[in-house]
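*Asks:* Pasting start12.tsv below, which is TSV, C-alpha atoms.
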chain	number	residue	atom	x	y	z
A	74	MET	CA	102.55	91.94	111.41
A	75	THR	CA	99.20	90.37	112.15
A	76	ALA	CA	98.01	87.14	110.57
A	77	GLY	CA	95.52	89.11	108.47
A	78	GLU	CA	98.18	91.54	107.25
A	79	PHE	CA	100.51	88.66	106.38
A	80	LYS	CA	97.76	86.90	104.43
A	81	ASN	CA	96.97	90.07	102.51
A	82	LEU	CA	100.66	90.61	101.73
A	83	ARG	CA	101.03	87.03	100.55
A	84	ARG	CA	98.03	87.45	98.24
A	85	ARG	CA	99.48	90.64	96.79
A	86	LEU	CA	102.85	88.98	96.27
A	87	ASP	CA	101.22	86.06	94.47
A	88	ILE	CA	99.45	88.45	92.11
A	89	LEU	CA	102.64	90.39	91.49
A	90	GLU	CA	104.61	87.20	90.95
A	91	ASN	CA	102.21	86.07	88.26
A	92	LYS	CA	102.41	89.49	86.62
A	93	VAL	CA	106.21	89.52	86.68
A	94	MET	CA	106.42	85.98	85.34
A	95	ARG	CA	104.21	86.96	82.41
A	96	ASN	CA	105.81	90.30	81.67
A	97	SER	CA	109.54	90.11	82.46
A	98	PRO	CA	111.57	89.69	79.25
A	99	THR	CA	114.37	87.95	81.17
A	100	ARG	CA	112.33	86.13	83.78
A	101	LYS	CA	114.41	82.94	83.45
A	102	ASN	CA	117.61	84.79	84.33
A	103	VAL	CA	116.63	86.58	87.53
A	104	ASP	CA	115.56	85.64	91.04
A	105	GLN	CA	111.82	86.28	90.83
A	106	SER	CA	111.31	86.45	94.58
A	107	ARG	CA	113.77	89.38	94.81
A	108	VAL	CA	112.09	91.18	91.93
A	109	ILE	CA	108.64	90.73	93.45
A	110	LEU	CA	109.77	91.99	96.82
A	111	ALA	CA	111.58	95.02	95.40
A	112	THR	CA	108.69	96.18	93.23
A	113	ALA	CA	105.79	95.21	95.49
A	114	ASP	CA	104.85	98.88	95.77
A	115	THR	CA	106.34	102.25	94.88
A	116	TYR	CA	107.13	103.15	98.49
A	117	LYS	CA	109.30	100.07	98.99
A	118	TRP	CA	110.97	100.57	95.61
A	119	VAL	CA	112.10	104.15	96.32
A	120	THR	CA	113.02	103.70	99.97
A	121	GLU	CA	115.12	100.57	99.43
A	122	TYR	CA	116.05	100.08	95.77
A	123	ALA	CA	115.95	103.25	93.62
A	124	LYS	CA	117.68	106.50	94.56
A	125	THR	CA	117.24	110.23	94.00
A	126	TYR	CA	120.05	112.72	93.60
A	127	ASN	CA	120.72	115.83	95.65
A	128	GLU	CA	122.47	118.72	93.90
A	129	HIS	CA	123.25	120.32	97.27
A	130	TRP	CA	124.70	117.25	98.95
A	131	ILE	CA	128.08	118.87	99.68
A	132	GLU	CA	126.55	122.02	101.19
A	133	GLU	CA	124.20	119.88	103.28
A	134	GLY	CA	127.01	117.65	104.50
A	135	ARG	CA	125.58	114.50	102.93
A	136	PRO	CA	127.96	111.56	102.35
A	137	ASP	CA	126.77	110.90	98.80
A	138	PRO	CA	124.69	112.71	96.13
A	139	TYR	CA	122.48	109.64	95.66
A	140	GLU	CA	120.08	108.60	98.41
A	141	PHE	CA	116.93	106.57	98.89
A	142	PHE	CA	113.69	108.40	99.65
A	143	PRO	CA	113.37	109.13	103.36
A	144	ARG	CA	110.83	106.90	105.08
A	145	TYR	CA	108.18	109.55	105.56
A	146	ASN	CA	104.60	108.35	105.95
A	147	TYR	CA	103.26	110.95	103.53
A	148	PHE	CA	105.19	109.26	100.70
A	149	ARG	CA	103.43	105.99	101.45
A	150	THR	CA	100.08	107.81	101.65
A	151	THR	CA	100.70	109.61	98.36
A	152	PHE	CA	101.48	106.39	96.51
A	153	GLU	CA	98.42	104.67	97.99
A	154	LEU	CA	96.11	107.57	97.06
A	155	LEU	CA	97.31	107.50	93.47
A	156	GLU	CA	95.89	103.99	93.12
A	157	TYR	CA	92.31	104.97	93.99
A	158	GLU	CA	91.34	107.80	91.64
A	159	ARG	CA	91.85	108.61	87.99
A	160	VAL	CA	92.45	112.37	88.43
A	161	HIS	CA	94.57	113.90	91.19
A	162	TRP	CA	95.38	117.48	92.22
A	163	PHE	CA	98.42	118.20	94.38
A	164	VAL	CA	99.69	121.43	95.90
A	165	LYS	CA	103.45	121.05	96.08
A	166	SER	CA	106.23	122.45	98.22
A	167	ARG	CA	109.90	122.13	97.36
A	168	ASP	CA	110.77	120.35	100.59
A	169	LEU	CA	108.08	117.68	100.12
A	170	MET	CA	109.81	116.07	97.08
A	171	LEU	CA	106.39	115.71	95.50
A	172	SER	CA	107.58	115.95	91.91
A	173	TRP	CA	110.12	113.20	92.66
A	174	SER	CA	107.34	111.09	94.19
A	175	LEU	CA	105.06	111.43	91.17
A	176	VAL	CA	107.88	110.70	88.75
A	177	ALA	CA	108.71	107.60	90.80
A	178	TYR	CA	105.11	106.38	90.71
A	179	PHE	CA	104.88	106.70	86.94
A	180	THR	CA	108.38	105.32	86.32
A	181	LYS	CA	107.74	102.14	88.28
A	182	ASN	CA	104.45	101.65	86.45
A	183	ALA	CA	106.06	102.04	83.04
A	184	MET	CA	108.99	99.83	84.02
A	185	THR	CA	106.94	96.93	85.39
A	186	VAL	CA	103.82	96.95	83.18
A	187	PRO	CA	104.25	96.35	79.42
A	188	PHE	CA	103.02	98.90	76.88
A	189	ARG	CA	102.27	101.54	79.50
A	190	GLY	CA	103.00	104.99	78.08
A	191	VAL	CA	103.43	108.07	80.28
A	192	LEU	CA	103.63	111.78	79.46
A	193	PHE	CA	105.34	114.42	81.58
A	194	GLN	CA	104.46	118.03	80.73
A	195	THR	CA	105.86	121.30	82.07
A	196	GLN	CA	105.79	124.92	80.93
A	197	LYS	CA	109.17	124.74	79.20
A	198	GLU	CA	111.23	121.96	77.67
A	199	ASP	CA	114.22	122.39	79.99
A	200	LYS	CA	111.98	121.71	83.00
A	201	VAL	CA	110.51	118.55	81.52
A	202	VAL	CA	114.03	117.34	80.72
A	203	GLN	CA	114.64	117.54	84.46
A	204	LEU	CA	111.66	115.25	85.14
A	205	ILE	CA	112.92	112.73	82.57
A	206	ASP	CA	116.33	112.90	84.23
A	207	TYR	CA	114.62	112.08	87.56
A	208	ALA	CA	113.14	108.97	85.97
A	209	LYS	CA	116.48	107.96	84.46
A	210	CYS	CA	118.20	108.45	87.81
A	211	LEU	CA	115.69	106.18	89.56
A	212	TYR	CA	116.25	103.51	86.94
A	213	LYS	CA	120.06	103.61	86.83
A	214	THR	CA	120.49	103.58	90.62
A	215	GLN	CA	118.57	100.31	90.96
A	216	PRO	CA	120.47	97.09	91.66
A	217	ALA	CA	121.57	95.14	88.61
A	218	PHE	CA	119.01	92.37	89.18
A	219	LEU	CA	116.13	94.85	88.71
A	220	GLN	CA	117.68	96.32	85.58
A	221	GLU	CA	118.03	92.77	84.25
A	222	ALA	CA	114.40	91.99	85.06
A	223	TYR	CA	113.17	95.21	83.44
A	224	PRO	CA	115.63	96.13	80.68
A	225	LEU	CA	115.57	99.28	78.59
A	226	LYS	CA	114.92	99.40	74.86
A	227	LYS	CA	118.43	100.82	74.49
A	228	PRO	CA	121.14	101.93	76.97
A	229	LEU	CA	120.54	105.16	78.86
A	230	ASP	CA	123.33	106.99	77.03
A	231	LYS	CA	121.63	106.11	73.74
A	232	GLN	CA	118.17	107.30	74.75
A	233	GLN	CA	116.86	110.65	73.60
A	234	GLN	CA	116.86	113.52	76.08
A	235	LEU	CA	113.07	113.66	76.29
A	236	THR	CA	112.31	109.93	76.46
A	237	LEU	CA	112.90	106.84	78.55
A	238	GLU	CA	111.93	103.68	76.67
A	239	PHE	CA	111.69	100.17	78.08
A	240	ALA	CA	112.09	96.84	76.31
A	241	ASN	CA	108.55	95.89	77.37
A	242	GLY	CA	107.04	98.53	75.06
A	243	SER	CA	106.47	101.12	77.77
A	244	TYR	CA	107.82	104.66	77.54
A	245	ILE	CA	108.02	107.98	79.33
A	246	ALA	CA	108.00	111.06	77.09
A	247	GLY	CA	108.47	114.70	78.05
A	248	ILE	CA	106.62	117.52	76.30
A	249	PRO	CA	106.58	121.31	76.80
A	250	GLY	CA	103.42	123.27	77.64
A	251	GLY	CA	100.51	123.52	75.22
A	252	ALA	CA	97.37	121.48	74.64
A	253	ASP	CA	98.45	120.70	71.07
A	254	GLN	CA	101.47	118.81	72.43
A	255	ILE	CA	99.26	116.08	73.91
A	256	ARG	CA	97.10	115.23	70.92
A	257	SER	CA	99.50	112.88	69.14
A	258	TYR	CA	99.76	110.57	72.20
A	259	HIS	CA	97.39	108.06	73.78
A	260	PRO	CA	99.20	107.30	77.04
A	261	TRP	CA	98.19	105.44	80.16
A	262	GLY	CA	99.49	108.17	82.49
A	263	TYR	CA	99.94	111.94	82.41
A	264	LEU	CA	101.76	114.27	84.81
A	265	ASN	CA	101.36	118.03	84.45
A	266	ASP	CA	103.96	119.67	86.70
A	267	GLU	CA	103.84	123.32	87.86
A	268	SER	CA	100.37	123.68	86.38
A	269	SER	CA	99.85	127.17	87.85
A	270	PHE	CA	102.50	128.52	85.49
A	271	GLN	CA	101.05	127.01	82.31
A	272	SER	CA	98.74	129.37	80.41
A	273	GLU	CA	97.00	126.45	78.67
A	274	ALA	CA	96.69	124.20	81.71
A	275	GLY	CA	92.91	124.08	81.39
A	276	GLU	CA	93.08	123.07	77.75
A	277	CYS	CA	95.73	120.48	78.64
A	278	TYR	CA	93.37	119.04	81.23
A	279	ASN	CA	90.60	118.69	78.65
A	280	GLU	CA	92.96	117.01	76.20
A	281	ALA	CA	94.24	114.66	78.90
A	282	LEU	CA	90.70	113.59	79.76
A	283	ALA	CA	90.19	112.67	76.11
A	284	VAL	CA	93.39	110.70	75.47
A	285	VAL	CA	94.71	109.39	78.81
A	286	LYS	CA	93.21	106.06	79.86
A	287	GLY	CA	94.88	105.73	83.25
A	288	LYS	CA	96.15	108.28	85.77
A	289	ILE	CA	95.99	112.06	85.32
A	290	VAL	CA	97.94	114.17	87.82
A	291	PHE	CA	98.21	117.96	88.09
A	292	ASN	CA	100.86	119.18	90.49
A	293	SER	CA	101.81	122.75	91.34
A	294	SER	CA	102.72	125.24	94.01
A	295	ALA	CA	99.85	127.44	95.16
A	296	GLY	CA	98.89	130.43	93.05
A	297	PRO	CA	95.86	132.16	91.50
A	298	GLY	CA	94.45	131.06	88.17
A	299	TRP	CA	92.84	128.06	86.48
A	300	TYR	CA	94.65	125.44	88.54
A	301	ALA	CA	93.67	126.95	91.87
A	302	ASP	CA	90.05	127.19	90.73
A	303	ALA	CA	89.92	123.72	89.19
A	304	ARG	CA	91.15	121.89	92.27
A	305	ARG	CA	88.50	123.71	94.33
A	306	ASP	CA	85.71	123.05	91.78
A	307	ILE	CA	85.30	126.78	91.18
A	308	VAL	CA	83.67	127.68	87.85
A	309	ARG	CA	84.09	131.26	86.65
A	310	THR	CA	82.26	133.03	83.87
A	311	GLU	CA	84.00	135.28	81.35
A	312	GLU	CA	82.63	138.27	83.27
A	313	ASP	CA	84.56	137.14	86.36
Once you've parsed the file, please lay out its structure as C-alpha cells.

*Replies:*
Amino acid sequence: MTAGEFKNLRRRLDILENKVMRNSPTRKNVDQSRVILATADTYKWVTEYAKTYNEHWIEEGRPDPYEFFPRYNYFRTTFELLEYERVHWFVKSRDLMLSWSLVAYFTKNAMTVPFRGVLFQTQKEDKVVQLIDYAKCLYKTQPAFLQEAYPLKKPLDKQQQLTLEFANGSYIAGIPGGADQIRSYHPWGYLNDESSFQSEAGECYNEALAVVKGKIVFNSSAGPGWYADARRDIVRTEED
C-alpha cells in the first residue's frame, strides 16, 4: 500500500468511525475499530464477515454450506460502480452471483445507515422471499460483534417472511411484481430482480423514479422486451 492509498484509507475510516459512533445503538458495548474495519465497504464485508449459502454444497464437495464471497475482482467493481450512479442496469448470469451481490449491497446499507428503507421486487412472491432470505443469511452469519453493533428490531425468527427490520429504523421489504406494489413505499433503495420476466417492469421503473430517493437497480438475464430495450436506450412506438 502506497502512502497515498494509506492516507485515503485512513480518511475513509475516520468518516466511517464518526458515522458508526453516531448511529450504532450499542456503540458503548462494542469495539468500534473492529466494526469500522468490517463494514468499511461491501466487498470487505462479504468476503470476510458475512456468508452466503450454497444449496448444492454436498454435490460440489464443499466442506460447509455457508461460505464467504469468493475474492473476485468483479465483485469489488460492482460494489464500487453502485456508489456512482442512481440507476443501474445489470445483465445477470447464474454463475456470477449477481443477485447475491446486489442483496449484499442493499443489506449492508440498511444495516449500517439509520432509516434507510429498501425494496426488493420480483415477478412472484416466492422469488422475493428468496431474496429476503439472502439478506437474512448475510446478517445471521456475521460475527456476534457486528450483530451487537447493528441489532435487529426483533429476532430473525420473529421477523415476517417478507421483511428484515433493523433497530436503527431501516428495513428491507419484499414485494411481488406490479407497479401498484411500489406506491405505498418511499424507500432509499430499490432492486428489481429478473426484470425481463415482469410484464409491468416499465411501469415499475417509472414508479421507482418517483418514490425512490437513492439507488435504483434493475437486474435480469438477457431476453427481448422492455428491459432489453431500456438498458440500450431504445424507444419503440406502438406500431413497432

*Asks:* Report, in Å with one decimal, the straight-line distance from CA of Ala246 (chain A) to CA of Glu121 (chain A).

*Replies:*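 A separation of 25.7 Å between them.
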
*Asks:* Taking all atoms listed in the file into account, name the residue in A:Tyr207, A:Phe218, A:Lys226, A:Pro187 that is nearest to Gln105 (chain A).

*Replies:* A:Phe218

*Asks:* Using all atoms listed in the file, which residue out of A:Thr185, A:Gln233, A:Thr125, A:Thr195 lies closest to Asp266 (chain A)?

*Replies:* A:Thr195

*Asks:* Neighbours of Tyr157 (chain A) within 12 Å (all atoms listed in the file; same-chain residues fewer than 4 positions away dropped), as an MDAnalysis selection string?

*Replies:* chainID A and resid 150:153 161 287:289

*Asks:* Find, counting all atoms listed in the file, the residue in A:Phe270, A:Phe188, A:Tyr178, A:Phe239 that gets nearest to Ser293 (chain A).

*Replies:*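 Ranked by minimum distance to Ser293 (chain A), first place goes to A:Phe270.
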
*Asks:* What is the distance, in Å and to one decimal place, between CA of Asp137 (chain A) and CA of Lys200 (chain A)?

*Replies:*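 It comes out at 24.2 Å.
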
*Asks:* Considering all atoms listed in the file, return as a PDB file with C-alpha atoms, in the frame of the given file whatever protein or nucleic-acid residues lie within 12 Å of Arg167 (chain A), sequence-local ones (same chain, fewer than 3 positions apart) excluded.

*Replies:*
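Saved file out_5.pdb follows:
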ATOM      1  CA  VAL A 164      99.690 121.430  95.900  1.00  0.00           C
ATOM      2  CA  MET A 170     109.810 116.070  97.080  1.00  0.00           C
ATOM      3  CA  LEU A 171     106.390 115.710  95.500  1.00  0.00           C
ATOM      4  CA  SER A 172     107.580 115.950  91.910  1.00  0.00           C
ATOM      5  CA  TRP A 173     110.120 113.200  92.660  1.00  0.00           C
ATOM      6  CA  SER A 174     107.340 111.090  94.190  1.00  0.00           C
ATOM      7  CA  GLU A 267     103.840 123.320  87.860  1.00  0.00           C
ATOM      8  CA  ASN A 292     100.860 119.180  90.490  1.00  0.00           C
ATOM      9  CA  SER A 293     101.810 122.750  91.340  1.00  0.00           C
ATOM     10  CA  SER A 294     102.720 125.240  94.010  1.00  0.00           C
ATOM     11  CA  ALA A 295      99.850 127.440  95.160  1.00  0.00           C
TER      12      ALA A 295
END

*Asks:* When you count all atoms listed in the file, which of these residues is closest to Lys286 (chain A): A:Arg144, A:Arg159, A:Arg107, A:Arg149?

*Replies:*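 Closest candidate: A:Arg159.
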
*Asks:* Find the distance between CA of Ser243 (chain A) and CA of Ala183 (chain A) and write it in Å to one decimal.

*Replies:*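 Value for the CA of Ser243 (chain A)-CA of Ala183 (chain A) distance: 5.4 Å.
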
*Asks:* Extract, using only C-alpha atoms, all DNA, RNA and protein residues at most 12 Å from Lys209 (chain A), discarding same-chain residues fewer than 4 positions from it, and format them as a PyMOL selection string.

*Replies:* chain A and resi 123-126+173+176-177+179-181+184+202-205+213-215+220+225+228-230+232-239+244-246

*Asks:* So which one's closest to Tyr258 (chain A), A:Gly190, A:Pro224, A:Gly275, A:Pro216? Using only C-alpha atoms, please.

*Replies:*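 Nearest to Tyr258 (chain A): A:Gly190.
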
*Asks:* Return region 98-129 of chain A, completed with N, CA and C atoms, as a PDB file, in the frame of the given file.

*Replies:*
ATOM      1  N   PRO A  98     110.908  90.258  80.419  1.00  0.00           N
ATOM      2  CA  PRO A  98     111.570  89.690  79.250  1.00  0.00           C
ATOM      3  C   PRO A  98     112.678  88.708  79.605  1.00  0.00           C
ATOM      4  N   THR A  99     113.257  88.826  80.793  1.00  0.00           N
ATOM      5  CA  THR A  99     114.370  87.950  81.170  1.00  0.00           C
ATOM      6  C   THR A  99     114.034  87.150  82.410  1.00  0.00           C
ATOM      7  N   ARG A 100     112.793  86.737  82.536  1.00  0.00           N
ATOM      8  CA  ARG A 100     112.330  86.130  83.780  1.00  0.00           C
ATOM      9  C   ARG A 100     113.076  84.832  84.135  1.00  0.00           C
ATOM     10  N   LYS A 101     113.686  84.172  83.153  1.00  0.00           N
ATOM     11  CA  LYS A 101     114.410  82.940  83.450  1.00  0.00           C
ATOM     12  C   LYS A 101     115.786  83.217  84.041  1.00  0.00           C
ATOM     13  N   ASN A 102     116.246  84.471  83.931  1.00  0.00           N
ATOM     14  CA  ASN A 102     117.610  84.790  84.330  1.00  0.00           C
ATOM     15  C   ASN A 102     117.715  85.548  85.640  1.00  0.00           C
ATOM     16  N   VAL A 103     116.594  85.809  86.297  1.00  0.00           N
ATOM     17  CA  VAL A 103     116.630  86.580  87.530  1.00  0.00           C
ATOM     18  C   VAL A 103     115.896  85.832  88.636  1.00  0.00           C
ATOM     19  N   ASP A 104     116.217  86.194  89.871  1.00  0.00           N
ATOM     20  CA  ASP A 104     115.560  85.640  91.040  1.00  0.00           C
ATOM     21  C   ASP A 104     114.217  86.344  91.206  1.00  0.00           C
ATOM     22  N   GLN A 105     113.132  85.643  90.854  1.00  0.00           N
ATOM     23  CA  GLN A 105     111.820  86.280  90.830  1.00  0.00           C
ATOM     24  C   GLN A 105     111.380  86.756  92.208  1.00  0.00           C
ATOM     25  N   SER A 106     111.740  86.048  93.248  1.00  0.00           N
ATOM     26  CA  SER A 106     111.310  86.450  94.580  1.00  0.00           C
ATOM     27  C   SER A 106     111.901  87.810  94.945  1.00  0.00           C
ATOM     28  N   ARG A 107     113.137  88.086  94.539  1.00  0.00           N
ATOM     29  CA  ARG A 107     113.770  89.380  94.810  1.00  0.00           C
ATOM     30  C   ARG A 107     113.093  90.481  94.019  1.00  0.00           C
ATOM     31  N   VAL A 108     112.750  90.195  92.776  1.00  0.00           N
ATOM     32  CA  VAL A 108     112.090  91.180  91.930  1.00  0.00           C
ATOM     33  C   VAL A 108     110.713  91.535  92.495  1.00  0.00           C
ATOM     34  N   ILE A 109     109.971  90.521  92.892  1.00  0.00           N
ATOM     35  CA  ILE A 109     108.640  90.730  93.450  1.00  0.00           C
ATOM     36  C   ILE A 109     108.698  91.572  94.709  1.00  0.00           C
ATOM     37  N   LEU A 110     109.635  91.253  95.575  1.00  0.00           N
ATOM     38  CA  LEU A 110     109.770  91.990  96.820  1.00  0.00           C
ATOM     39  C   LEU A 110     110.157  93.446  96.566  1.00  0.00           C
ATOM     40  N   ALA A 111     111.079  93.668  95.650  1.00  0.00           N
ATOM     41  CA  ALA A 111     111.580  95.020  95.400  1.00  0.00           C
ATOM     42  C   ALA A 111     110.558  95.929  94.751  1.00  0.00           C
ATOM     43  N   THR A 112     109.667  95.363  93.961  1.00  0.00           N
ATOM     44  CA  THR A 112     108.690  96.180  93.230  1.00  0.00           C
ATOM     45  C   THR A 112     107.262  95.962  93.715  1.00  0.00           C
ATOM     46  N   ALA A 113     107.128  95.465  94.942  1.00  0.00           N
ATOM     47  CA  ALA A 113     105.790  95.210  95.490  1.00  0.00           C
ATOM     48  C   ALA A 113     104.944  96.467  95.518  1.00  0.00           C
ATOM     49  N   ASP A 114     105.546  97.598  95.818  1.00  0.00           N
ATOM     50  CA  ASP A 114     104.850  98.880  95.770  1.00  0.00           C
ATOM     51  C   ASP A 114     105.878  99.981  95.578  1.00  0.00           C
ATOM     52  N   THR A 115     105.417 101.152  95.190  1.00  0.00           N
ATOM     53  CA  THR A 115     106.340 102.250  94.880  1.00  0.00           C
ATOM     54  C   THR A 115     107.119 102.693  96.113  1.00  0.00           C
ATOM     55  N   TYR A 116     106.468 102.711  97.263  1.00  0.00           N
ATOM     56  CA  TYR A 116     107.130 103.150  98.490  1.00  0.00           C
ATOM     57  C   TYR A 116     108.353 102.277  98.787  1.00  0.00           C
ATOM     58  N   LYS A 117     108.177 100.981  98.716  1.00  0.00           N
ATOM     59  CA  LYS A 117     109.300 100.070  98.990  1.00  0.00           C
ATOM     60  C   LYS A 117     110.392 100.270  97.944  1.00  0.00           C
ATOM     61  N   TRP A 118     110.004 100.428  96.699  1.00  0.00           N
ATOM     62  CA  TRP A 118     110.970 100.570  95.610  1.00  0.00           C
ATOM     63  C   TRP A 118     111.881 101.784  95.835  1.00  0.00           C
ATOM     64  N   VAL A 119     111.282 102.937  96.210  1.00  0.00           N
ATOM     65  CA  VAL A 119     112.100 104.150  96.320  1.00  0.00           C
ATOM     66  C   VAL A 119     112.771 104.328  97.674  1.00  0.00           C
ATOM     67  N   THR A 120     112.350 103.587  98.668  1.00  0.00           N
ATOM     68  CA  THR A 120     113.020 103.700  99.970  1.00  0.00           C
ATOM     69  C   THR A 120     114.096 102.626 100.170  1.00  0.00           C
ATOM     70  N   GLU A 121     114.137 101.632  99.259  1.00  0.00           N
ATOM     71  CA  GLU A 121     115.120 100.570  99.430  1.00  0.00           C
ATOM     72  C   GLU A 121     115.902 100.195  98.169  1.00  0.00           C
ATOM     73  N   TYR A 122     115.419 100.594  96.978  1.00  0.00           N
ATOM     74  CA  TYR A 122     116.050 100.080  95.770  1.00  0.00           C
ATOM     75  C   TYR A 122     116.415 101.141  94.730  1.00  0.00           C
ATOM     76  N   ALA A 123     115.669 102.219  94.618  1.00  0.00           N
ATOM     77  CA  ALA A 123     115.950 103.250  93.620  1.00  0.00           C
ATOM     78  C   ALA A 123     116.235 104.572  94.335  1.00  0.00           C
ATOM     79  N   LYS A 124     117.219 105.314  93.846  1.00  0.00           N
ATOM     80  CA  LYS A 124     117.680 106.500  94.560  1.00  0.00           C
ATOM     81  C   LYS A 124     117.416 107.798  93.789  1.00  0.00           C
ATOM     82  N   THR A 125     117.296 108.881  94.554  1.00  0.00           N
ATOM     83  CA  THR A 125     117.240 110.230  94.000  1.00  0.00           C
ATOM     84  C   THR A 125     118.644 110.812  94.007  1.00  0.00           C
ATOM     85  N   TYR A 126     118.778 112.024  93.462  1.00  0.00           N
ATOM     86  CA  TYR A 126     120.050 112.720  93.600  1.00  0.00           C
ATOM     87  C   TYR A 126     119.802 114.087  94.239  1.00  0.00           C
ATOM     88  N   ASN A 127     120.800 114.571  94.934  1.00  0.00           N
ATOM     89  CA  ASN A 127     120.720 115.830  95.650  1.00  0.00           C
ATOM     90  C   ASN A 127     121.833 116.747  95.159  1.00  0.00           C
ATOM     91  N   GLU A 128     121.472 117.818  94.453  1.00  0.00           N
ATOM     92  CA  GLU A 128     122.470 118.720  93.900  1.00  0.00           C
ATOM     93  C   GLU A 128     123.213 119.503  94.985  1.00  0.00           C
ATOM     94  N   HIS A 129     122.652 119.550  96.177  1.00  0.00           N
ATOM     95  CA  HIS A 129     123.250 120.320  97.270  1.00  0.00           C
ATOM     96  C   HIS A 129     123.851 119.414  98.341  1.00  0.00           C
TER      97      HIS A 129
END
